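*Asks:* What follows is model_23.pdb; its format and atoms are PDB, N, CA and C atoms.
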ATOM      1  N   MET Q  10      51.472 -65.663  95.272
ATOM      2  CA  MET Q  10      52.217 -66.867  94.955
ATOM      3  C   MET Q  10      53.594 -66.488  94.421
ATOM      4  N   THR Q  11      54.558 -67.348  94.633
ATOM      5  CA  THR Q  11      55.915 -67.068  94.194
ATOM      6  C   THR Q  11      56.067 -67.389  92.719
ATOM      7  N   THR Q  12      57.116 -66.803  92.125
ATOM      8  CA  THR Q  12      57.414 -67.093  90.729
ATOM      9  C   THR Q  12      57.944 -68.515  90.623
ATOM     10  N   ASN Q  13      57.468 -69.229  89.633
ATOM     11  CA  ASN Q  13      57.860 -70.617  89.445
ATOM     12  C   ASN Q  13      59.295 -70.688  88.936
ATOM     13  N   THR Q  14      60.146 -71.360  89.700
ATOM     14  CA  THR Q  14      61.545 -71.547  89.297
ATOM     15  C   THR Q  14      61.848 -73.020  89.090
ATOM     16  N   ALA Q  15      60.848 -73.752  88.636
ATOM     17  CA  ALA Q  15      61.015 -75.192  88.427
ATOM     18  C   ALA Q  15      62.017 -75.449  87.307
ATOM     19  N   THR Q  16      62.843 -76.440  87.528
ATOM     20  CA  THR Q  16      63.816 -76.871  86.526
ATOM     21  C   THR Q  16      63.650 -78.368  86.329
ATOM     22  N   PRO Q  17      64.133 -78.886  85.218
ATOM     23  CA  PRO Q  17      64.067 -80.330  85.027
ATOM     24  C   PRO Q  17      64.710 -81.101  86.185
ATOM     25  N   GLU Q  18      65.792 -80.560  86.743
ATOM     26  CA  GLU Q  18      66.461 -81.255  87.848
ATOM     27  C   GLU Q  18      65.574 -81.337  89.084
ATOM     28  N   LYS Q  19      64.827 -80.267  89.365
ATOM     29  CA  LYS Q  19      63.966 -80.228  90.545
ATOM     30  C   LYS Q  19      62.693 -81.049  90.374
ATOM     31  N   THR Q  20      62.235 -81.198  89.142
ATOM     32  CA  THR Q  20      60.930 -81.829  88.905
ATOM     33  C   THR Q  20      61.008 -83.242  88.355
ATOM     34  N   GLY Q  21      62.151 -83.620  87.863
ATOM     35  CA  GLY Q  21      62.280 -84.922  87.220
ATOM     36  C   GLY Q  21      61.810 -84.905  85.777
ATOM     37  N   ALA Q  22      61.451 -83.718  85.273
ATOM     38  CA  ALA Q  22      61.000 -83.591  83.878
ATOM     39  C   ALA Q  22      62.201 -83.665  82.942
ATOM     40  N   ARG Q  23      61.910 -83.919  81.695
ATOM     41  CA  ARG Q  23      62.985 -84.026  80.695
ATOM     42  C   ARG Q  23      63.152 -82.761  79.857
ATOM     43  N   THR Q  24      62.182 -81.841  79.971
ATOM     44  CA  THR Q  24      62.278 -80.589  79.205
ATOM     45  C   THR Q  24      61.933 -79.417  80.116
ATOM     46  N   ASP Q  25      62.366 -78.217  79.702
ATOM     47  CA  ASP Q  25      62.030 -77.010  80.448
ATOM     48  C   ASP Q  25      60.514 -76.779  80.451
ATOM     49  N   GLU Q  26      59.869 -77.077  79.325
ATOM     50  CA  GLU Q  26      58.410 -76.891  79.243
ATOM     51  C   GLU Q  26      57.685 -77.765  80.254
ATOM     52  N   ALA Q  27      58.087 -79.023  80.320
ATOM     53  CA  ALA Q  27      57.453 -79.937  81.279
ATOM     54  C   ALA Q  27      57.763 -79.501  82.705
ATOM     55  N   ALA Q  28      58.979 -79.040  82.944
ATOM     56  CA  ALA Q  28      59.347 -78.577  84.283
ATOM     57  C   ALA Q  28      58.487 -77.391  84.704
ATOM     58  N   THR Q  29      58.244 -76.478  83.779
ATOM     59  CA  THR Q  29      57.397 -75.320  84.072
ATOM     60  C   THR Q  29      55.979 -75.765  84.387
ATOM     61  N   LEU Q  30      55.446 -76.663  83.590
ATOM     62  CA  LEU Q  30      54.093 -77.180  83.821
ATOM     63  C   LEU Q  30      54.005 -77.848  85.188
ATOM     64  N   ILE Q  31      54.981 -78.679  85.508
ATOM     65  CA  ILE Q  31      55.010 -79.371  86.804
ATOM     66  C   ILE Q  31      55.136 -78.363  87.940
ATOM     67  N   GLY Q  32      56.010 -77.400  87.792
ATOM     68  CA  GLY Q  32      56.183 -76.377  88.818
ATOM     69  C   GLY Q  32      54.900 -75.602  89.071
ATOM     70  N   ASP Q  33      54.211 -75.222  87.995
ATOM     71  CA  ASP Q  33      52.941 -74.507  88.140
ATOM     72  C   ASP Q  33      51.905 -75.384  88.839
ATOM     73  N   ALA Q  34      51.839 -76.642  88.450
ATOM     74  CA  ALA Q  34      50.882 -77.566  89.065
ATOM     75  C   ALA Q  34      51.210 -77.783  90.539
ATOM     76  N   ARG Q  35      52.482 -77.868  90.868
ATOM     77  CA  ARG Q  35      52.871 -78.027  92.275
ATOM     78  C   ARG Q  35      52.494 -76.795  93.095
ATOM     79  N   ASP Q  36      52.662 -75.617  92.501
ATOM     80  CA  ASP Q  36      52.240 -74.394  93.188
ATOM     81  C   ASP Q  36      50.738 -74.435  93.471
ATOM     82  N   ARG Q  37      49.983 -74.906  92.506
ATOM     83  CA  ARG Q  37      48.531 -75.012  92.690
ATOM     84  C   ARG Q  37      48.185 -76.029  93.779
ATOM     85  N   ILE Q  38      48.885 -77.169  93.779
ATOM     86  CA  ILE Q  38      48.664 -78.185  94.822
ATOM     87  C   ILE Q  38      48.993 -77.611  96.196
ATOM     88  N   ASP Q  39      50.092 -76.856  96.305
ATOM     89  CA  ASP Q  39      50.449 -76.247  97.585
ATOM     90  C   ASP Q  39      49.347 -75.308  98.067
ATOM     91  N   ALA Q  40      48.779 -74.528  97.154
ATOM     92  CA  ALA Q  40      47.693 -73.621  97.514
ATOM     93  C   ALA Q  40      46.446 -74.403  97.935
ATOM     94  N   LEU Q  41      46.145 -75.480  97.228
ATOM     95  CA  LEU Q  41      45.003 -76.327  97.603
ATOM     96  C   LEU Q  41      45.230 -76.958  98.971
ATOM     97  N   ASP Q  42      46.440 -77.441  99.226
ATOM     98  CA  ASP Q  42      46.752 -78.035 100.530
ATOM     99  C   ASP Q  42      46.545 -77.016 101.652
ATOM    100  N   ASP Q  43      46.966 -75.779 101.421
ATOM    101  CA  ASP Q  43      46.755 -74.740 102.431
ATOM    102  C   ASP Q  43      45.267 -74.530 102.702
ATOM    103  N   ARG Q  44      44.463 -74.537 101.657
ATOM    104  CA  ARG Q  44      43.009 -74.385 101.832
ATOM    105  C   ARG Q  44      42.418 -75.581 102.573
ATOM    106  N   ILE Q  45      42.851 -76.787 102.214
ATOM    107  CA  ILE Q  45      42.351 -78.002 102.873
ATOM    108  C   ILE Q  45      42.702 -77.972 104.358
ATOM    109  N   ILE Q  46      43.936 -77.603 104.683
ATOM    110  CA  ILE Q  46      44.355 -77.518 106.081
ATOM    111  C   ILE Q  46      43.494 -76.506 106.825
ATOM    112  N   GLY Q  47      43.242 -75.367 106.214
ATOM    113  CA  GLY Q  47      42.390 -74.358 106.837
ATOM    114  C   GLY Q  47      40.979 -74.873 107.082
ATOM    115  N   LEU Q  48      40.430 -75.604 106.134
ATOM    116  CA  LEU Q  48      39.092 -76.172 106.300
ATOM    117  C   LEU Q  48      39.061 -77.216 107.409
ATOM    118  N   ILE Q  49      40.102 -78.027 107.502
ATOM    119  CA  ILE Q  49      40.155 -79.025 108.566
ATOM    120  C   ILE Q  49      40.258 -78.327 109.921
ATOM    121  N   GLN Q  50      41.062 -77.277 110.011
ATOM    122  CA  GLN Q  50      41.156 -76.534 111.267
ATOM    123  C   GLN Q  50      39.803 -75.936 111.645
ATOM    124  N   GLU Q  51      39.076 -75.440 110.670
ATOM    125  CA  GLU Q  51      37.737 -74.911 110.919
ATOM    126  C   GLU Q  51      36.799 -76.019 111.389
ATOM    127  N   ARG Q  52      36.909 -77.203 110.772
ATOM    128  CA  ARG Q  52      36.068 -78.331 111.167
ATOM    129  C   ARG Q  52      36.378 -78.761 112.602
ATOM    130  N   VAL Q  53      37.648 -78.761 112.977
ATOM    131  CA  VAL Q  53      38.037 -79.104 114.341
ATOM    132  C   VAL Q  53      37.371 -78.141 115.325
ATOM    133  N   ALA Q  54      37.375 -76.861 115.012
ATOM    134  CA  ALA Q  54      36.771 -75.861 115.901
ATOM    135  C   ALA Q  54      35.265 -76.069 116.018
ATOM    136  N   VAL Q  55      34.592 -76.331 114.907
ATOM    137  CA  VAL Q  55      33.144 -76.557 114.940
ATOM    138  C   VAL Q  55      32.834 -77.834 115.715
ATOM    139  N   SER Q  56      33.641 -78.859 115.527
ATOM    140  CA  SER Q  56      33.444 -80.110 116.249
ATOM    141  C   SER Q  56      33.586 -79.898 117.754
ATOM    142  N   ALA Q  57      34.526 -79.044 118.159
ATOM    143  CA  ALA Q  57      34.708 -78.756 119.584
ATOM    144  C   ALA Q  57      33.459 -78.106 120.170
ATOM    145  N   VAL Q  58      32.813 -77.226 119.414
ATOM    146  CA  VAL Q  58      31.570 -76.588 119.865
ATOM    147  C   VAL Q  58      30.488 -77.651 120.064
ATOM    148  N   ILE Q  59      30.383 -78.560 119.109
ATOM    149  CA  ILE Q  59      29.378 -79.625 119.192
ATOM    150  C   ILE Q  59      29.657 -80.518 120.404
ATOM    151  N   GLN Q  60      30.893 -80.924 120.583
ATOM    152  CA  GLN Q  60      31.243 -81.792 121.711
ATOM    153  C   GLN Q  60      30.945 -81.110 123.046
ATOM    154  N   GLU Q  61      31.285 -79.837 123.151
ATOM    155  CA  GLU Q  61      31.032 -79.096 124.389
ATOM    156  C   GLU Q  61      29.531 -79.035 124.687
ATOM    157  N   ALA Q  62      28.735 -78.761 123.669
ATOM    158  CA  ALA Q  62      27.279 -78.698 123.859
ATOM    159  C   ALA Q  62      26.738 -80.065 124.269
ATOM    160  N   ARG Q  63      27.240 -81.106 123.620
ATOM    161  CA  ARG Q  63      26.769 -82.455 123.938
ATOM    162  C   ARG Q  63      27.133 -82.835 125.377
ATOM    163  N   ILE Q  64      28.376 -82.579 125.774
ATOM    164  CA  ILE Q  64      28.850 -82.932 127.115
ATOM    165  C   ILE Q  64      28.119 -82.100 128.175
ATOM    166  N   SER Q  65      27.981 -80.794 127.933
ATOM    167  CA  SER Q  65      27.346 -79.943 128.938
ATOM    168  C   SER Q  65      25.863 -80.261 129.115
ATOM    169  N   SER Q  66      25.265 -80.916 128.122
ATOM    170  CA  SER Q  66      23.861 -81.311 128.245
ATOM    171  C   SER Q  66      23.720 -82.715 128.819
ATOM    172  N   GLY Q  67      24.848 -83.321 129.206
ATOM    173  CA  GLY Q  67      24.817 -84.644 129.809
ATOM    174  C   GLY Q  67      25.043 -85.787 128.840
ATOM    175  N   GLY Q  68      25.347 -85.450 127.595
ATOM    176  CA  GLY Q  68      25.576 -86.486 126.589
ATOM    177  C   GLY Q  68      27.031 -86.917 126.535
ATOM    178  N   ARG Q  69      27.296 -87.820 125.631
ATOM    179  CA  ARG Q  69      28.652 -88.320 125.430
ATOM    180  C   ARG Q  69      29.417 -87.390 124.493
ATOM    181  N   ARG Q  70      30.730 -87.457 124.603
ATOM    182  CA  ARG Q  70      31.597 -86.631 123.744
ATOM    183  C   ARG Q  70      31.450 -87.002 122.277
ATOM    184  N   VAL Q  71      31.269 -88.292 121.982
ATOM    185  CA  VAL Q  71      31.244 -88.790 120.602
ATOM    186  C   VAL Q  71      29.887 -89.410 120.301
ATOM    187  N   ASN Q  72      29.392 -89.134 119.103
ATOM    188  CA  ASN Q  72      28.155 -89.744 118.611
ATOM    189  C   ASN Q  72      28.558 -90.721 117.503
ATOM    190  N   LEU Q  73      28.640 -91.994 117.840
ATOM    191  CA  LEU Q  73      29.135 -92.996 116.887
ATOM    192  C   LEU Q  73      28.249 -93.132 115.661
ATOM    193  N   ALA Q  74      26.943 -92.966 115.817
ATOM    194  CA  ALA Q  74      26.052 -93.052 114.654
ATOM    195  C   ALA Q  74      26.389 -91.944 113.652
ATOM    196  N   ARG Q  75      26.656 -90.754 114.155
ATOM    197  CA  ARG Q  75      27.031 -89.640 113.274
ATOM    198  C   ARG Q  75      28.378 -89.917 112.610
ATOM    199  N   GLU Q  76      29.313 -90.464 113.367
ATOM    200  CA  GLU Q  76      30.612 -90.773 112.776
ATOM    201  C   GLU Q  76      30.481 -91.806 111.664
ATOM    202  N   MET Q  77      29.593 -92.758 111.828
ATOM    203  CA  MET Q  77      29.365 -93.752 110.765
ATOM    204  C   MET Q  77      28.802 -93.078 109.514
ATOM    205  N   GLU Q  78      27.933 -92.082 109.684
ATOM    206  CA  GLU Q  78      27.414 -91.321 108.538
ATOM    207  C   GLU Q  78      28.551 -90.615 107.806
ATOM    208  N   VAL Q  79      29.444 -89.990 108.575
ATOM    209  CA  VAL Q  79      30.579 -89.280 107.981
ATOM    210  C   VAL Q  79      31.482 -90.263 107.227
ATOM    211  N   LEU Q  80      31.779 -91.404 107.843
ATOM    212  CA  LEU Q  80      32.610 -92.419 107.181
ATOM    213  C   LEU Q  80      31.973 -92.882 105.880
ATOM    214  N   GLY Q  81      30.675 -93.123 105.910
ATOM    215  CA  GLY Q  81      29.972 -93.549 104.700
ATOM    216  C   GLY Q  81      30.013 -92.493 103.609
ATOM    217  N   HIS Q  82      29.864 -91.242 104.002
ATOM    218  CA  HIS Q  82      29.895 -90.143 103.029
ATOM    219  C   HIS Q  82      31.253 -90.078 102.325
ATOM    220  N   TYR Q  83      32.324 -90.153 103.093
ATOM    221  CA  TYR Q  83      33.665 -90.108 102.507
ATOM    222  C   TYR Q  83      33.942 -91.352 101.658
ATOM    223  N   ARG Q  84      33.500 -92.510 102.141
ATOM    224  CA  ARG Q  84      33.703 -93.750 101.383
ATOM    225  C   ARG Q  84      32.958 -93.684 100.055
ATOM    226  N   ASP Q  85      31.712 -93.215 100.089
ATOM    227  CA  ASP Q  85      30.926 -93.127  98.853
ATOM    228  C   ASP Q  85      31.547 -92.152  97.859
ATOM    229  N   ALA Q  86      32.120 -91.070  98.367
ATOM    230  CA  ALA Q  86      32.694 -90.056  97.485
ATOM    231  C   ALA Q  86      34.084 -90.412  96.983
ATOM    232  N   LEU Q  87      34.887 -91.113  97.828
ATOM    233  CA  LEU Q  87      36.301 -91.309  97.508
ATOM    234  C   LEU Q  87      36.755 -92.761  97.502
ATOM    235  N   GLY Q  88      35.847 -93.691  97.741
ATOM    236  CA  GLY Q  88      36.227 -95.093  97.783
ATOM    237  C   GLY Q  88      36.904 -95.440  99.097
ATOM    238  N   LYS Q  89      37.530 -96.600  99.136
ATOM    239  CA  LYS Q  89      38.154 -97.098 100.362
ATOM    240  C   LYS Q  89      39.139 -96.100 100.984
ATOM    241  N   PRO Q  90      39.979 -95.419 100.193
ATOM    242  CA  PRO Q  90      40.874 -94.436 100.812
ATOM    243  C   PRO Q  90      40.112 -93.303 101.506
ATOM    244  N   GLY Q  91      38.886 -93.029 101.067
ATOM    245  CA  GLY Q  91      38.069 -92.010 101.712
ATOM    246  C   GLY Q  91      37.752 -92.373 103.145
ATOM    247  N   THR Q  92      37.575 -93.660 103.407
ATOM    248  CA  THR Q  92      37.307 -94.110 104.777
ATOM    249  C   THR Q  92      38.505 -93.808 105.676
ATOM    250  N   ALA Q  93      39.700 -94.103 105.193
ATOM    251  CA  ALA Q  93      40.907 -93.816 105.979
ATOM    252  C   ALA Q  93      41.070 -92.314 106.192
ATOM    253  N   LEU Q  94      40.786 -91.540 105.169
ATOM    254  CA  LEU Q  94      40.872 -90.085 105.294
ATOM    255  C   LEU Q  94      39.876 -89.584 106.333
ATOM    256  N   ALA Q  95      38.650 -90.091 106.284
ATOM    257  CA  ALA Q  95      37.627 -89.686 107.245
ATOM    258  C   ALA Q  95      38.014 -90.092 108.664
ATOM    259  N   MET Q  96      38.576 -91.272 108.825
ATOM    260  CA  MET Q  96      39.006 -91.712 110.157
ATOM    261  C   MET Q  96      40.055 -90.756 110.724
ATOM    262  N   THR Q  97      40.994 -90.349 109.900
ATOM    263  CA  THR Q  97      42.025 -89.416 110.339
ATOM    264  C   THR Q  97      41.402 -88.070 110.697
ATOM    265  N   MET Q  98      40.495 -87.592 109.875
ATOM    266  CA  MET Q  98      39.845 -86.320 110.136
ATOM    267  C   MET Q  98      39.025 -86.383 111.426
ATOM    268  N   LEU Q  99      38.298 -87.482 111.627
ATOM    269  CA  LEU Q  99      37.516 -87.638 112.847
ATOM    270  C   LEU Q  99      38.421 -87.677 114.073
ATOM    271  N   GLU Q 100      39.555 -88.341 113.955
ATOM    272  CA  GLU Q 100      40.501 -88.388 115.074
ATOM    273  C   GLU Q 100      41.024 -86.989 115.402
ATOM    274  N   LEU Q 101      41.298 -86.205 114.379
ATOM    275  CA  LEU Q 101      41.734 -84.822 114.601
ATOM    276  C   LEU Q 101      40.641 -84.016 115.318
ATOM    277  N   CYS Q 102      39.408 -84.288 114.969
ATOM    278  CA  CYS Q 102      38.286 -83.511 115.512
ATOM    279  C   CYS Q 102      37.874 -83.923 116.919
ATOM    280  N   ARG Q 103      38.026 -85.177 117.254
ATOM    281  CA  ARG Q 103      37.530 -85.637 118.555
ATOM    282  C   ARG Q 103      38.575 -86.364 119.370
ATOM    283  N   GLY Q 104      39.733 -86.637 118.823
ATOM    284  CA  GLY Q 104      40.745 -87.391 119.538
ATOM    285  C   GLY Q 104      40.468 -88.876 119.423
ATOM    286  N   ARG Q 105      41.383 -89.658 119.904
ATOM    287  CA  ARG Q 105      41.214 -91.119 119.863
ATOM    288  C   ARG Q 105      40.149 -91.547 120.853
ATOM    289  N   ILE Q 106      39.369 -92.561 120.465
ATOM    290  CA  ILE Q 106      38.371 -93.116 121.399
ATOM    291  C   ILE Q 106      38.730 -94.547 121.719
TER     292      ILE Q 106
END
Would you encode the structure as structure tokens?

*Replies:*
Amino acid sequence: MTTNTATPEKTGARTDEAATLIGDARDRIDALDDRIIGLIQERVAVSAVIQEARISSGGRRVNLAREMEVLGHYRDALGKPGTALAMTMLELCRGRI
């Protein structure tokens, strides 16, 4: 990770201490975002394997019952915004239907 060079001007903080805290937290968020992106890319790859197996066995590309389970899981864990997040993730994994 890079050295934190956060300043009040860059962070909107009113003190150097707050700017440092914000800068450190932003660095952590950036690292978390990188991990989340990597996990989504991994999920896309696993989903492609599932879709290929389903299609090659004569099934449909998408299993709507399974997608409803995924939507419910995200909604239960994250509330209404979780549903939107899950919809976006599902679209990344299977494309628009």

*Asks:* Please list as a list in words every residue within 8 Å of Q:Thr29, counting only N, CA and C atoms and excluding residues in the same chain fewer than 6 positions away.

*Replies:*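 Near neighbours after the sequence-gap exclusion: Asn13, Thr14, Ala15, Thr16, Pro17, Thr20, Ala22 and Arg35 of chain Q.
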
*Asks:* Just give me the gap between atom C of Q:Ala54 and atom CA of Q:Gly88 in Å, one decimal is fine.

*Replies:*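 For atom C of Q:Ala54 relative to atom CA of Q:Gly88, the distance reads 26.4 Å.
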
*Asks:* Please indicate the distance in Å from atom C of Q:Ser56 to atom CA of Q:Arg103, rounded to one decimal place.

*Replies:* 7.0 Å

*Asks:* Quick one: everything within 12 Å of Q:Val53, counting only C-alpha atoms, minus sequence neighbours fewer than 4 positions away in the same chain. Send it as a PyMOL selection string.

*Replies:* chain Q and resi 46-49+57-60+97-104

*Asks:* Any idea what the distance is between atom CA of Q:Ala93 and atom CA of Q:Leu80?

*Replies:*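 Separating atom CA of Q:Ala93 from atom CA of Q:Leu80 is a distance of 8.5 Å.
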
*Asks:* Please put the answer as JSON: centre and edge lengths, in Å with one decimal, of a box along x, y and z that encloses all listed atoms of stretch 83-96 of chain Q plus 5 Å on each side.

*Replies:*
{"center_x": 36.0, "center_y": -93.3, "center_z": 103.9, "size_x": 20.1, "size_y": 17.5, "size_z": 23.7}

*Asks:* Residues within 10 Å of Q:Ala95, please, as a list of chain:residue names. Count only C-alpha atoms; anything in the same chain fewer than 5 positions from it doesn't count.

*Replies:*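 Those residues are Q:Glu76, Q:Met77, Q:Val79, Q:Leu80, Q:Gly81, Q:His82, Q:Tyr83, Q:Arg84, Q:Leu87, Q:Pro90, Q:Glu100, Q:Leu101.
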
*Asks:* From a DSSP pass on the backbone, collect the residues of chain Q flagged as helix (DSSP H, G or I) and hand them back as a VMD selection string.

*Replies:* chain Q and resid 17 to 20 25 to 65 73 to 87 89 to 103

*Asks:* Can you rebuild stretch 50-60 of chain Q with all heavy atoms and give it as a short mmCIF file (atom, residue, chain, number, x, y, z; two decimals), in the coordinates of the input?

*Replies:*
data_model
loop_
_atom_site.label_atom_id
_atom_site.label_comp_id
_atom_site.auth_asym_id
_atom_site.auth_seq_id
_atom_site.Cartn_x
_atom_site.Cartn_y
_atom_site.Cartn_z
N GLN Q 50 41.06 -77.28 110.01
CA GLN Q 50 41.16 -76.53 111.27
C GLN Q 50 39.80 -75.94 111.64
O GLN Q 50 39.42 -75.95 112.82
CB GLN Q 50 42.23 -75.45 111.16
CG GLN Q 50 43.63 -76.01 111.11
CD GLN Q 50 44.68 -74.99 110.76
OE1 GLN Q 50 44.41 -74.01 110.05
NE2 GLN Q 50 45.90 -75.21 111.24
N GLU Q 51 39.08 -75.44 110.67
CA GLU Q 51 37.74 -74.91 110.92
C GLU Q 51 36.80 -76.02 111.39
O GLU Q 51 36.01 -75.84 112.31
CB GLU Q 51 37.19 -74.25 109.65
CG GLU Q 51 35.84 -73.60 109.82
CD GLU Q 51 35.36 -72.91 108.55
OE1 GLU Q 51 36.13 -72.78 107.57
OE2 GLU Q 51 34.18 -72.51 108.53
N ARG Q 52 36.91 -77.20 110.77
CA ARG Q 52 36.07 -78.33 111.17
C ARG Q 52 36.38 -78.76 112.60
O ARG Q 52 35.48 -79.10 113.36
CB ARG Q 52 36.26 -79.51 110.21
CG ARG Q 52 35.21 -80.60 110.41
CD ARG Q 52 35.53 -81.82 109.57
NE ARG Q 52 34.41 -82.74 109.48
CZ ARG Q 52 33.99 -83.51 110.48
NH1 ARG Q 52 34.55 -83.45 111.66
NH2 ARG Q 52 32.97 -84.33 110.29
N VAL Q 53 37.65 -78.76 112.98
CA VAL Q 53 38.04 -79.10 114.34
C VAL Q 53 37.37 -78.14 115.32
O VAL Q 53 36.84 -78.56 116.36
CB VAL Q 53 39.58 -79.09 114.49
CG1 VAL Q 53 40.00 -79.15 115.95
CG2 VAL Q 53 40.21 -80.24 113.71
N ALA Q 54 37.38 -76.86 115.01
CA ALA Q 54 36.77 -75.86 115.90
C ALA Q 54 35.26 -76.07 116.02
O ALA Q 54 34.71 -75.99 117.12
CB ALA Q 54 37.09 -74.45 115.39
N VAL Q 55 34.59 -76.33 114.91
CA VAL Q 55 33.14 -76.56 114.94
C VAL Q 55 32.83 -77.83 115.72
O VAL Q 55 31.88 -77.88 116.51
CB VAL Q 55 32.57 -76.61 113.51
CG1 VAL Q 55 31.11 -77.03 113.52
CG2 VAL Q 55 32.72 -75.26 112.82
N SER Q 56 33.64 -78.86 115.53
CA SER Q 56 33.44 -80.11 116.25
C SER Q 56 33.59 -79.90 117.75
O SER Q 56 32.84 -80.48 118.55
CB SER Q 56 34.45 -81.16 115.76
OG SER Q 56 34.26 -82.38 116.42
N ALA Q 57 34.53 -79.04 118.16
CA ALA Q 57 34.71 -78.76 119.58
C ALA Q 57 33.46 -78.11 120.17
O ALA Q 57 33.06 -78.41 121.31
CB ALA Q 57 35.93 -77.86 119.79
N VAL Q 58 32.81 -77.23 119.41
CA VAL Q 58 31.57 -76.59 119.86
C VAL Q 58 30.49 -77.65 120.06
O VAL Q 58 29.78 -77.65 121.08
CB VAL Q 58 31.11 -75.51 118.86
CG1 VAL Q 58 29.70 -75.02 119.18
CG2 VAL Q 58 32.10 -74.35 118.83
N ILE Q 59 30.38 -78.56 119.11
CA ILE Q 59 29.38 -79.62 119.19
C ILE Q 59 29.66 -80.52 120.40
O ILE Q 59 28.74 -80.84 121.18
CB ILE Q 59 29.35 -80.45 117.90
CG1 ILE Q 59 28.81 -79.61 116.75
CG2 ILE Q 59 28.53 -81.73 118.07
CD1 ILE Q 59 29.01 -80.23 115.37
N GLN Q 60 30.89 -80.92 120.58
CA GLN Q 60 31.24 -81.79 121.71
C GLN Q 60 30.94 -81.11 123.05
O GLN Q 60 30.40 -81.73 123.96
CB GLN Q 60 32.71 -82.19 121.65
CG GLN Q 60 33.02 -83.18 120.55
CD GLN Q 60 34.48 -83.55 120.52
OE1 GLN Q 60 35.07 -83.83 121.55
NE2 GLN Q 60 35.07 -83.56 119.33
#
